[in-house]
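Novice: Got run.cif for you, mmCIF, C-alpha atoms:
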```cif
data_upload
loop_
_atom_site.label_atom_id
_atom_site.label_comp_id
_atom_site.auth_asym_id
_atom_site.auth_seq_id
_atom_site.Cartn_x
_atom_site.Cartn_y
_atom_site.Cartn_z
CA MET A 1 -15.76 -1.91 46.06
CA ARG A 2 -13.03 0.70 45.71
CA ARG A 3 -10.59 -1.57 47.52
CA PHE A 4 -11.62 -4.48 45.32
CA LEU A 5 -10.94 -2.44 42.19
CA LYS A 6 -7.52 -1.40 43.49
CA VAL A 7 -6.58 -5.01 44.23
CA THR A 8 -7.85 -6.15 40.85
CA GLY A 9 -5.87 -3.41 39.12
CA ARG A 10 -2.70 -4.37 40.96
CA LEU A 11 -3.17 -8.03 40.09
CA ALA A 12 -3.63 -7.09 36.46
CA LEU A 13 -0.40 -5.08 36.53
CA VAL A 14 1.47 -7.95 38.16
CA LEU A 15 0.10 -10.38 35.59
CA LEU A 16 1.11 -8.08 32.77
CA ALA A 17 4.62 -7.72 34.22
CA VAL A 18 4.96 -11.49 34.55
CA LEU A 19 3.86 -11.97 30.94
CA VAL A 20 6.36 -9.37 29.74
CA VAL A 21 9.23 -10.91 31.73
CA ALA A 22 8.33 -14.41 30.55
CA GLY A 23 8.09 -13.20 26.98
CA VAL A 24 11.46 -11.47 27.11
CA ALA A 25 13.11 -14.52 28.66
CA PHE A 26 11.68 -16.78 25.98
CA ALA A 27 12.57 -14.41 23.16
CA ASN A 28 16.14 -14.13 24.37
CA LEU A 29 16.47 -17.89 24.07
CA SER A 30 14.93 -17.94 20.59
CA PRO A 31 17.05 -17.85 17.42
CA GLU A 32 14.57 -15.29 16.07
CA LEU A 33 16.27 -12.63 18.18
CA GLY A 34 19.13 -12.76 15.66
CA GLY A 35 22.78 -11.84 16.03
CA LYS A 36 24.89 -8.89 17.11
CA PRO A 37 27.40 -6.76 15.16
CA THR A 38 31.05 -7.35 16.06
CA LYS A 39 33.20 -4.78 17.86
CA ALA A 40 35.06 -4.08 14.62
CA GLN A 41 31.78 -3.44 12.84
CA LYS A 42 30.65 -1.06 15.57
CA VAL A 43 33.88 0.92 15.17
CA ALA A 44 33.21 1.13 11.43
CA TYR A 45 29.61 2.22 12.03
CA ALA A 46 30.84 5.06 14.27
CA ARG A 47 32.75 6.49 11.31
CA THR A 48 29.45 7.18 9.54
CA GLY A 49 28.61 9.85 12.10
CA ARG A 50 25.16 8.29 12.57
CA TYR A 51 26.20 5.70 15.17
CA VAL A 52 26.73 7.31 18.57
CA ASP A 53 26.99 5.57 21.95
CA GLY A 54 25.98 2.26 20.42
CA GLU A 55 22.87 3.54 18.64
CA PHE A 56 22.06 4.70 15.11
CA ARG A 57 20.41 8.10 14.78
CA ASN A 58 18.11 9.80 12.31
CA LEU A 59 18.87 12.84 10.18
CA GLU A 60 16.55 14.92 12.35
CA PRO A 61 15.67 14.60 16.06
CA THR A 62 13.19 11.75 16.45
CA GLU A 63 11.31 10.42 19.44
CA VAL A 64 9.88 6.91 19.35
CA MET A 65 7.13 7.87 21.81
CA THR A 66 5.51 11.26 21.20
CA GLY A 67 2.69 10.87 23.72
CA GLY A 68 2.06 8.69 26.76
CA SER A 69 4.42 6.19 28.31
CA THR A 70 5.49 2.88 26.81
CA PHE A 71 3.51 1.09 29.52
CA SER A 72 0.33 3.08 28.87
CA VAL A 73 0.59 2.44 25.14
CA LEU A 74 1.15 -1.28 25.75
CA TRP A 75 -1.83 -1.40 28.12
CA ARG A 76 -3.99 0.35 25.53
CA PHE A 77 -2.84 -2.03 22.80
CA LEU A 78 -3.65 -5.09 24.88
CA PHE A 79 -6.94 -4.04 26.43
CA ALA A 80 -8.50 -1.15 24.49
CA LYS A 81 -10.50 -2.51 21.59
CA VAL A 82 -11.09 -0.71 18.30
CA PRO A 83 -14.22 -1.60 16.31
CA ASN A 84 -13.37 -3.07 12.90
CA ALA A 85 -9.70 -3.40 13.86
CA ALA A 86 -9.51 -6.53 11.70
CA PRO A 87 -11.58 -7.53 8.66
CA ALA A 88 -14.54 -9.84 9.23
CA ALA A 89 -13.19 -12.37 6.71
CA PRO A 90 -9.91 -13.11 4.90
CA LEU A 91 -9.00 -10.42 2.39
CA PRO A 92 -9.37 -11.14 -1.34
CA THR A 93 -6.21 -12.69 -2.71
CA GLN A 94 -5.03 -13.52 -6.20
CA PRO A 95 -2.73 -16.56 -6.04
CA LEU A 96 0.43 -15.65 -7.90
CA ASP A 97 1.39 -17.85 -10.84
CA SER A 98 5.12 -18.49 -10.42
CA ALA A 99 5.40 -19.34 -14.14
CA THR A 100 4.25 -15.81 -14.99
CA ILE A 101 7.00 -14.19 -12.94
CA THR A 102 9.67 -16.54 -14.29
CA HIS A 103 9.44 -15.24 -17.87
CA LYS A 104 10.01 -11.52 -18.31
CA THR A 105 11.78 -8.94 -20.44
CA PRO A 106 14.21 -6.28 -19.18
CA GLU A 107 11.67 -3.59 -20.10
CA LEU A 108 8.99 -5.05 -17.80
CA VAL A 109 8.34 -3.30 -14.48
CA ARG A 110 5.82 -5.12 -12.29
CA VAL A 111 5.10 -4.87 -8.57
CA THR A 112 3.20 -7.51 -6.60
CA TRP A 113 2.18 -6.72 -3.03
CA PHE A 114 1.53 -9.61 -0.63
CA GLY A 115 0.18 -7.64 2.34
CA HIS A 116 1.87 -5.47 4.95
CA SER A 117 5.13 -4.42 3.22
CA ALA A 118 6.22 -7.66 1.55
CA SER A 119 6.42 -7.07 -2.21
CA LEU A 120 8.06 -8.50 -5.31
CA VAL A 121 9.46 -5.97 -7.78
CA GLU A 122 10.33 -7.22 -11.24
CA ILE A 123 12.56 -4.63 -12.87
CA GLY A 124 15.47 -4.69 -15.30
CA GLY A 125 14.94 -8.42 -15.80
CA LYS A 126 15.59 -9.01 -12.09
CA ASN A 127 13.46 -10.26 -9.20
CA VAL A 128 13.80 -8.02 -6.14
CA LEU A 129 11.98 -8.95 -2.93
CA LEU A 130 11.16 -6.22 -0.40
CA ASP A 131 10.83 -6.97 3.33
CA PRO A 132 9.61 -10.55 2.75
CA MET A 133 7.49 -11.27 5.80
CA LEU A 134 5.81 -14.31 4.22
CA SER A 135 4.88 -16.17 7.40
CA VAL A 136 1.39 -16.35 8.88
CA GLN A 137 2.73 -15.96 12.43
CA MET A 138 5.03 -13.17 13.56
CA GLY A 139 8.02 -13.38 15.86
CA PRO A 140 9.06 -15.85 18.56
CA LEU A 141 5.85 -15.31 20.57
CA PRO A 142 2.94 -15.60 18.12
CA TRP A 143 0.45 -15.82 20.98
CA VAL A 144 1.13 -12.18 21.88
CA THR A 145 1.96 -10.71 18.44
CA PRO A 146 -0.69 -9.56 15.95
CA LYS A 147 -2.35 -12.30 13.90
CA ARG A 148 -2.31 -12.16 10.10
CA TYR A 149 -5.75 -11.55 8.64
CA ASN A 150 -5.38 -14.30 6.04
CA PRO A 151 -4.46 -17.90 6.89
CA SER A 152 -2.30 -18.11 3.76
CA LEU A 153 -0.54 -15.78 1.35
CA ALA A 154 -0.71 -15.36 -2.41
CA ILE A 155 2.57 -17.24 -2.70
CA THR A 156 4.93 -19.06 -0.35
CA ALA A 157 8.65 -18.49 -0.18
CA GLU A 158 9.22 -21.89 -1.78
CA GLN A 159 7.01 -21.00 -4.77
CA LEU A 160 8.93 -17.85 -5.63
CA PRO A 161 11.34 -17.86 -8.58
CA ALA A 162 15.05 -17.35 -8.00
CA ILE A 163 15.51 -13.99 -6.28
CA ASP A 164 18.28 -11.69 -7.44
CA ALA A 165 18.15 -9.50 -4.34
CA VAL A 166 16.27 -9.35 -1.04
CA LEU A 167 16.10 -5.82 0.39
CA ILE A 168 15.45 -5.34 4.10
CA SER A 169 14.38 -1.93 5.40
CA HIS A 170 15.01 -2.64 9.10
CA ASP A 171 15.08 -5.48 11.61
CA HIS A 172 11.59 -5.41 13.16
CA TYR A 173 9.73 -8.72 13.15
CA ASP A 174 7.07 -7.61 10.69
CA HIS A 175 9.75 -6.82 8.09
CA LEU A 176 12.63 -9.19 8.81
CA ASP A 177 11.11 -12.64 9.33
CA TYR A 178 13.28 -15.49 10.58
CA GLN A 179 11.23 -18.28 9.01
CA THR A 180 11.08 -16.58 5.61
CA ILE A 181 14.81 -15.84 5.54
CA ARG A 182 15.56 -19.47 6.39
CA ARG A 183 13.45 -20.55 3.42
CA LEU A 184 14.94 -17.97 1.05
CA LYS A 185 18.61 -18.27 1.95
CA ASP A 186 19.45 -20.90 -0.67
CA MET A 187 17.34 -19.45 -3.50
CA THR A 188 18.52 -15.85 -3.19
CA VAL A 189 21.64 -14.46 -4.87
CA ARG A 190 22.17 -11.57 -2.45
CA PHE A 191 20.73 -9.89 0.63
CA LEU A 192 21.14 -6.11 0.78
CA VAL A 193 20.53 -4.77 4.27
CA PRO A 194 21.12 -1.68 6.44
CA LEU A 195 24.22 -1.49 8.63
CA GLY A 196 24.15 -4.05 11.44
CA VAL A 197 21.28 -6.15 10.05
CA GLY A 198 23.70 -8.60 8.45
CA ALA A 199 24.43 -10.06 11.90
CA HIS A 200 20.87 -11.42 12.06
CA LEU A 201 21.16 -13.13 8.69
CA LEU A 202 24.51 -14.69 9.51
CA ALA A 203 23.08 -16.04 12.77
CA TRP A 204 20.33 -17.70 10.72
CA GLY A 205 22.70 -19.53 8.39
CA VAL A 206 22.81 -17.21 5.37
CA ASP A 207 26.09 -17.52 3.45
CA PRO A 208 28.22 -14.46 4.43
CA ALA A 209 29.17 -14.05 0.75
CA LYS A 210 25.52 -13.29 0.00
CA VAL A 211 25.10 -10.56 2.63
CA GLN A 212 26.04 -6.95 1.97
CA GLU A 213 25.42 -4.10 4.41
CA LEU A 214 24.82 -0.68 2.90
CA ASP A 215 24.97 2.76 4.47
CA TRP A 216 22.71 5.53 3.17
CA GLN A 217 23.75 6.53 -0.37
CA ASP A 218 25.68 3.29 -0.91
CA SER A 219 24.71 1.48 -4.08
CA VAL A 220 25.01 -1.93 -5.72
CA GLN A 221 25.27 -2.23 -9.48
CA LEU A 222 23.69 -5.28 -11.13
CA PRO A 223 23.49 -5.81 -14.89
CA GLY A 224 20.82 -3.34 -15.96
CA LEU A 225 19.81 -2.38 -12.42
CA THR A 226 21.16 -0.09 -9.70
CA ILE A 227 19.99 -0.49 -6.10
CA ILE A 228 20.59 2.40 -3.70
CA SER A 229 20.13 2.62 0.07
CA THR A 230 18.51 5.93 0.99
CA PRO A 231 17.53 7.54 4.31
CA ALA A 232 14.46 6.76 6.41
CA ARG A 233 13.24 8.10 9.77
CA HIS A 234 12.63 5.17 12.05
CA PHE A 235 14.20 2.98 14.78
CA SER A 236 15.23 -0.66 15.18
CA GLY A 237 15.63 -3.55 17.60
CA ARG A 238 14.37 -7.11 18.05
CA GLY A 239 14.55 -7.14 21.86
CA LEU A 240 14.41 -4.85 24.88
CA THR A 241 18.17 -4.33 25.08
CA ASN A 242 19.21 -3.65 21.47
CA ARG A 243 17.22 -0.54 20.53
CA ASN A 244 18.74 1.17 17.45
CA SER A 245 21.72 -1.20 17.36
CA THR A 246 21.11 -1.63 13.63
CA SER A 247 20.24 0.92 10.97
CA TRP A 248 17.15 1.37 8.73
CA SER A 249 16.76 2.36 5.09
CA SER A 250 14.49 3.23 2.23
CA TRP A 251 15.43 1.90 -1.21
CA VAL A 252 15.74 3.14 -4.78
CA LEU A 253 15.67 0.80 -7.80
CA LYS A 254 16.93 2.31 -11.08
CA THR A 255 17.25 1.09 -14.65
CA PRO A 256 18.15 3.34 -17.60
CA THR A 257 14.42 3.88 -18.24
CA HIS A 258 12.50 3.18 -14.99
CA ARG A 259 12.66 3.96 -11.28
CA VAL A 260 10.90 2.49 -8.25
CA PHE A 261 11.02 3.78 -4.66
CA TYR A 262 10.27 1.89 -1.45
CA SER A 263 10.01 3.95 1.74
CA GLY A 264 10.49 1.17 4.29
CA ASP A 265 9.04 2.23 7.63
CA GLY A 266 9.35 5.68 9.09
CA GLY A 267 7.97 9.07 9.91
CA TYR A 268 7.63 11.99 7.54
CA GLY A 269 10.73 14.13 7.05
CA GLN A 270 12.76 16.26 4.68
CA HIS A 271 14.61 13.20 3.39
CA PHE A 272 11.76 12.45 0.99
CA ARG A 273 12.23 15.73 -0.85
CA ALA A 274 15.99 15.14 -1.01
CA ILE A 275 15.46 11.65 -2.44
CA GLY A 276 13.08 13.07 -5.03
CA ARG A 277 15.61 15.69 -6.09
CA GLN A 278 18.49 13.21 -6.29
CA HIS A 279 16.81 10.09 -7.68
CA GLY A 280 13.31 10.98 -8.90
CA PRO A 281 10.99 11.05 -10.63
CA PHE A 282 9.72 7.53 -9.87
CA ASP A 283 7.31 5.50 -11.96
CA VAL A 284 5.81 4.13 -8.75
CA ALA A 285 6.52 4.57 -5.04
CA LEU A 286 5.64 1.98 -2.41
CA LEU A 287 4.88 4.17 0.60
CA GLU A 288 4.35 3.08 4.20
CA CYS A 289 0.70 3.77 5.03
CA GLY A 290 -0.67 2.20 8.18
CA GLN A 291 0.01 1.31 11.83
CA TYR A 292 0.19 4.98 12.79
CA ASP A 293 -0.76 6.70 16.04
CA ALA A 294 -0.38 10.09 17.70
CA ASN A 295 1.73 8.30 20.33
CA TRP A 296 4.40 7.46 17.76
CA ALA A 297 3.86 10.22 15.22
CA GLN A 298 7.55 10.67 14.32
CA ILE A 299 8.29 7.06 13.36
CA HIS A 300 5.19 6.27 11.25
CA MET A 301 3.33 8.50 8.82
CA MET A 302 -0.31 9.42 8.82
CA PRO A 303 -1.90 8.55 5.45
CA GLU A 304 -1.95 12.18 4.37
CA GLN A 305 1.78 12.38 5.10
CA SER A 306 2.33 9.23 3.03
CA VAL A 307 0.69 10.96 0.07
CA GLN A 308 2.84 14.04 0.65
CA ALA A 309 5.92 11.82 0.73
CA ALA A 310 4.90 10.39 -2.65
CA LEU A 311 4.66 13.92 -4.00
CA ASP A 312 8.01 14.81 -2.43
CA VAL A 313 9.85 11.94 -4.13
CA ARG A 314 8.09 12.87 -7.39
CA ALA A 315 6.22 9.62 -7.80
CA ARG A 316 3.94 9.27 -10.81
CA ALA A 317 1.86 6.73 -8.88
CA MET A 318 1.62 5.57 -5.27
CA LEU A 319 1.09 2.07 -3.92
CA PRO A 320 0.24 2.20 -0.18
CA VAL A 321 1.81 -0.64 1.83
CA HIS A 322 2.20 -1.52 5.53
CA TRP A 323 -1.49 -2.42 5.85
CA GLY A 324 -3.73 -5.33 4.85
CA ALA A 325 -2.08 -8.01 7.00
CA PHE A 326 -1.75 -7.16 10.70
CA THR A 327 -3.38 -4.85 13.23
CA GLU A 328 -0.57 -3.01 15.02
CA ALA A 329 -2.24 0.31 15.85
CA HIS A 330 -5.53 1.76 17.05
CA HIS A 331 -7.29 2.43 13.78
CA THR A 332 -9.68 0.37 11.69
CA TRP A 333 -7.94 -2.09 9.38
CA ASN A 334 -8.90 -0.20 6.20
CA GLU A 335 -8.63 3.36 7.48
CA PRO A 336 -5.11 3.81 6.00
CA VAL A 337 -6.21 3.11 2.43
CA ARG A 338 -9.44 5.10 2.79
CA ARG A 339 -7.57 8.18 4.00
CA ALA A 340 -4.74 7.74 1.49
CA THR A 341 -7.05 7.45 -1.52
CA ALA A 342 -8.94 10.55 -0.40
CA ALA A 343 -5.72 12.55 0.04
CA ALA A 344 -4.34 11.30 -3.29
CA ALA A 345 -7.51 12.37 -5.07
CA LEU A 346 -7.24 15.81 -3.48
CA HIS A 347 -3.71 16.15 -4.90
CA GLN A 348 -4.58 14.44 -8.21
CA LEU A 349 -1.95 11.77 -7.50
CA PRO A 350 -2.64 8.41 -9.17
CA ILE A 351 -2.89 5.68 -6.53
CA THR A 352 -3.19 1.94 -7.00
CA THR A 353 -4.89 -0.43 -4.53
CA PRO A 354 -4.36 -3.97 -5.81
CA GLU A 355 -5.72 -7.04 -4.09
CA LEU A 356 -3.12 -9.15 -2.30
CA GLY A 357 -1.09 -10.91 -4.98
CA GLN A 358 -2.51 -8.84 -7.86
CA PRO A 359 0.33 -7.63 -10.10
CA VAL A 360 0.67 -3.93 -10.92
CA THR A 361 2.32 -3.61 -14.34
CA LEU A 362 3.65 -0.29 -15.57
CA GLY A 363 2.10 0.72 -18.87
CA GLN A 364 -1.17 -1.02 -18.02
CA PRO A 365 -4.20 0.38 -16.16
CA LEU A 366 -3.54 0.61 -12.42
CA PRO A 367 -5.69 -1.68 -10.24
CA GLN A 368 -8.04 0.70 -8.44
CA ARG A 369 -11.06 -1.36 -7.41
CA ARG A 370 -12.17 -0.35 -3.93
CA TRP A 371 -12.28 -3.95 -2.67
CA TRP A 372 -11.38 -2.84 0.83
CA GLU A 373 -14.65 -0.94 1.42
#
```
Before we go any further, please render this structure as structure tokens.
Specialist:
Amino acid sequence: MRRFLKVTGRLALVLLAVLVVAGVAFANLSPELGGKPTKAQKVAYARTGRYVDGEFRNLEPTEVMTGGSTFSVLWRFLFAKVPNAAPAAPLPTQPLDSATITHKTPELVRVTWFGHSASLVEIGGKNVLLDPMLSVQMGPLPWVTPKRYNPSLAITAEQLPAIDAVLISHDHYDHLDYQTIRRLKDMTVRFLVPLGVGAHLLAWGVDPAKVQELDWQDSVQLPGLTIISTPARHFSGRGLTNRNSTSWSSWVLKTPTHRVFYSGDGGYGQHFRAIGRQHGPFDVALLECGQYDANWAQIHMMPEQSVQAALDVRARAMLPVHWGAFTEAHHTWNEPVRRATAAAALHQLPITTPELGQPVTLGQPLPQRRWWE
């Protein structure tokens, strides 16, 4: 029996290795892998002081893996099951009326979350789309990537109004989606992305005149709205050979009277307090809250850290994102929001938990129904 178990274990390892090799080979042939920065761009990136030996770095030392090996984590993800890892039925969704988001005033500030991190921010009379992963399937190998809980979203890319700016936090598949970008490229005025990410968009047919790469603290001024790239603590890469070849960002949206913050992905760090001092207070902060694990504790926040980050940036209200769409970590699907609401209550921080597609309008009562219980 012992010999049988050893042979079975070896066969399983071989099968896993074959699947990984086959997946990498397929992904490398797929357009979803994206493009690569030019040599001239890499020289320019090096001048930032954050791009060393072909990789971008964080403000503070950061390890992607803080426990276990990559192989052990992958094995656990594939074969160790978590009860209630996905909801038993599609999550409640409010289909978004595109006519409603077409007519607005410059004073209106409204945020609509579509699940995971994809969100529409209406501010300063502009439509700003954050990390628009609006596809049901993720990446070039949907048979091995996490499945979206819902078979459809509150709105499709084609149903959106004209977009003044798409903001990308980093190039991972659950934030930068090939299919969505292809659908948005002709109805979007501009794409604002971290350093290096522009190469992906150009490879996918986006007009180069629409793509602008921003380093941390760079800003773009639109009529009535300022958009600023701010630091995050994360990593990047769409394949096995381009780790950290592009940068990552959080984002600040400012009008003369309102401010919105989006954290992107990343671990907790001192950058949140610095952002709060320089750009806060914020009317609302969209904070990453989900897909965390002790094995990658420096690149994703625990829910309690997400609440602390909201306090650090001086947010008047928190909207937890990066949950409600995919299972990418070993916790129950609704644990992030349960822990975040508890921590927010402890700190007396207003938190809003809208249904997918339910608008959150500043000046109106925050959606707080505990639909996720």
Novice: For CA of Ala118 (chain A) and CA of Val321 (chain A), determine how far apart the two atoms are, in Å to one decimal place.
Specialist: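 It comes out at 8.3 Å.
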Novice: Set up a box along x, y and z of the file covering all listed atoms of region 85-96 of chain A, add 4 Å on every one of the six sides, and write the centre and edge lengths in Å to one decimal, as lines of an AutoDock Vina configuration file.
Specialist:
```
center_x = -7.1
center_y = -10.0
center_z = 3.0
size_x = 23.0
size_y = 21.2
size_z = 29.8
```
Novice: Which residue out of A:Gln94, A:Ser263, A:Gln291, A:Ser247 has the minimum interatomic distance to Pro303 (chain A) when all atoms listed in the file are used?
Specialist: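 Closest to Pro303 (chain A), using all atoms listed in the file: A:Gln291.
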Novice: Check what the PyMOL selection byres ((chain A and resi 356) around 9) selects in the file above and give those residues as a PyMOL selection string.
Specialist: chain A and resi 91-95+112-115+153-154+324+354-355+357-359
Novice: Using 12 Å as the limit and counting all atoms listed in the file, can you tabulate each residue of region 86-131 of chain A that touches region 185-188 of chain A, with its shortest atom-to-atom distance in Å and the two atoms involved, as CSV?
Specialist:
```
residue,atom,partner,partner_atom,distance
A:Lys126,CA,A:Thr188,CA,11.6
A:Asn127,CA,A:Thr188,CA,9.6
A:Val128,CA,A:Thr188,CA,9.6
A:Leu129,CA,A:Thr188,CA,9.5
```
Novice: Hey, which bits of region 111-187 of chain A sit within 8 Å of region 210-226 of chain A, and for each residue what's the closest pair of atoms and how far apart in Å (one decimal), counting only C-alpha atoms, rows by chain and increasing number, as CSV?
Specialist:
```
residue,atom,partner,partner_atom,distance
A:Ile123,CA,A:Leu225,CA,7.6
A:Gly124,CA,A:Gly224,CA,5.6
A:Gly125,CA,A:Gly224,CA,7.8
A:Lys126,CA,A:Leu225,CA,7.9
```
Novice: Return region 248-266 of chain A, completed with N, CA and C atoms, as a PDB file, keeping the file's coordinate frame.
Specialist:
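Below you can see result-v5.pdb, which holds the result:
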```pdb
ATOM      1  N   TRP A 248      18.398   1.525   9.481  1.00  0.00           N
ATOM      2  CA  TRP A 248      17.150   1.370   8.730  1.00  0.00           C
ATOM      3  C   TRP A 248      17.311   2.159   7.433  1.00  0.00           C
ATOM      4  N   SER A 249      16.575   1.756   6.415  1.00  0.00           N
ATOM      5  CA  SER A 249      16.760   2.360   5.090  1.00  0.00           C
ATOM      6  C   SER A 249      15.457   2.403   4.317  1.00  0.00           C
ATOM      7  N   SER A 250      15.400   3.325   3.357  1.00  0.00           N
ATOM      8  CA  SER A 250      14.490   3.230   2.230  1.00  0.00           C
ATOM      9  C   SER A 250      15.338   2.785   1.036  1.00  0.00           C
ATOM     10  N   TRP A 251      14.684   2.479  -0.091  1.00  0.00           N
ATOM     11  CA  TRP A 251      15.430   1.900  -1.210  1.00  0.00           C
ATOM     12  C   TRP A 251      14.989   2.486  -2.547  1.00  0.00           C
ATOM     13  N   VAL A 252      15.970   2.678  -3.416  1.00  0.00           N
ATOM     14  CA  VAL A 252      15.740   3.140  -4.780  1.00  0.00           C
ATOM     15  C   VAL A 252      16.199   2.064  -5.751  1.00  0.00           C
ATOM     16  N   LEU A 253      15.337   1.749  -6.730  1.00  0.00           N
ATOM     17  CA  LEU A 253      15.670   0.800  -7.800  1.00  0.00           C
ATOM     18  C   LEU A 253      15.667   1.564  -9.118  1.00  0.00           C
ATOM     19  N   LYS A 254      16.799   1.534  -9.845  1.00  0.00           N
ATOM     20  CA  LYS A 254      16.930   2.310 -11.080  1.00  0.00           C
ATOM     21  C   LYS A 254      17.383   1.433 -12.243  1.00  0.00           C
ATOM     22  N   THR A 255      16.739   1.596 -13.378  1.00  0.00           N
ATOM     23  CA  THR A 255      17.250   1.090 -14.650  1.00  0.00           C
ATOM     24  C   THR A 255      17.457   2.327 -15.533  1.00  0.00           C
ATOM     25  N   PRO A 256      18.002   2.161 -16.727  1.00  0.00           N
ATOM     26  CA  PRO A 256      18.150   3.340 -17.600  1.00  0.00           C
ATOM     27  C   PRO A 256      16.835   4.025 -17.945  1.00  0.00           C
ATOM     28  N   THR A 257      15.698   3.312 -17.811  1.00  0.00           N
ATOM     29  CA  THR A 257      14.420   3.880 -18.240  1.00  0.00           C
ATOM     30  C   THR A 257      13.344   3.928 -17.149  1.00  0.00           C
ATOM     31  N   HIS A 258      13.552   3.247 -16.014  1.00  0.00           N
ATOM     32  CA  HIS A 258      12.500   3.180 -14.990  1.00  0.00           C
ATOM     33  C   HIS A 258      13.087   3.326 -13.592  1.00  0.00           C
ATOM     34  N   ARG A 259      12.237   3.792 -12.666  1.00  0.00           N
ATOM     35  CA  ARG A 259      12.660   3.960 -11.280  1.00  0.00           C
ATOM     36  C   ARG A 259      11.513   3.608 -10.335  1.00  0.00           C
ATOM     37  N   VAL A 260      11.858   2.884  -9.274  1.00  0.00           N
ATOM     38  CA  VAL A 260      10.900   2.490  -8.250  1.00  0.00           C
ATOM     39  C   VAL A 260      11.458   2.874  -6.894  1.00  0.00           C
ATOM     40  N   PHE A 261      10.601   3.391  -6.006  1.00  0.00           N
ATOM     41  CA  PHE A 261      11.020   3.780  -4.660  1.00  0.00           C
ATOM     42  C   PHE A 261      10.225   2.990  -3.634  1.00  0.00           C
ATOM     43  N   TYR A 262      10.914   2.549  -2.578  1.00  0.00           N
ATOM     44  CA  TYR A 262      10.270   1.890  -1.450  1.00  0.00           C
ATOM     45  C   TYR A 262      10.688   2.623  -0.182  1.00  0.00           C
ATOM     46  N   SER A 263       9.712   3.093   0.585  1.00  0.00           N
ATOM     47  CA  SER A 263      10.010   3.950   1.740  1.00  0.00           C
ATOM     48  C   SER A 263      10.524   3.191   2.951  1.00  0.00           C
ATOM     49  N   GLY A 264      10.279   1.840   3.025  1.00  0.00           N
ATOM     50  CA  GLY A 264      10.490   1.170   4.290  1.00  0.00           C
ATOM     51  C   GLY A 264       9.511   1.733   5.307  1.00  0.00           C
ATOM     52  N   ASP A 265       9.854   1.642   6.570  1.00  0.00           N
ATOM     53  CA  ASP A 265       9.040   2.230   7.630  1.00  0.00           C
ATOM     54  C   ASP A 265       9.631   3.573   8.030  1.00  0.00           C
ATOM     55  N   GLY A 266       8.787   4.456   8.544  1.00  0.00           N
ATOM     56  CA  GLY A 266       9.350   5.680   9.090  1.00  0.00           C
ATOM     57  C   GLY A 266       8.401   6.851   9.063  1.00  0.00           C
TER      58      GLY A 266
END
```
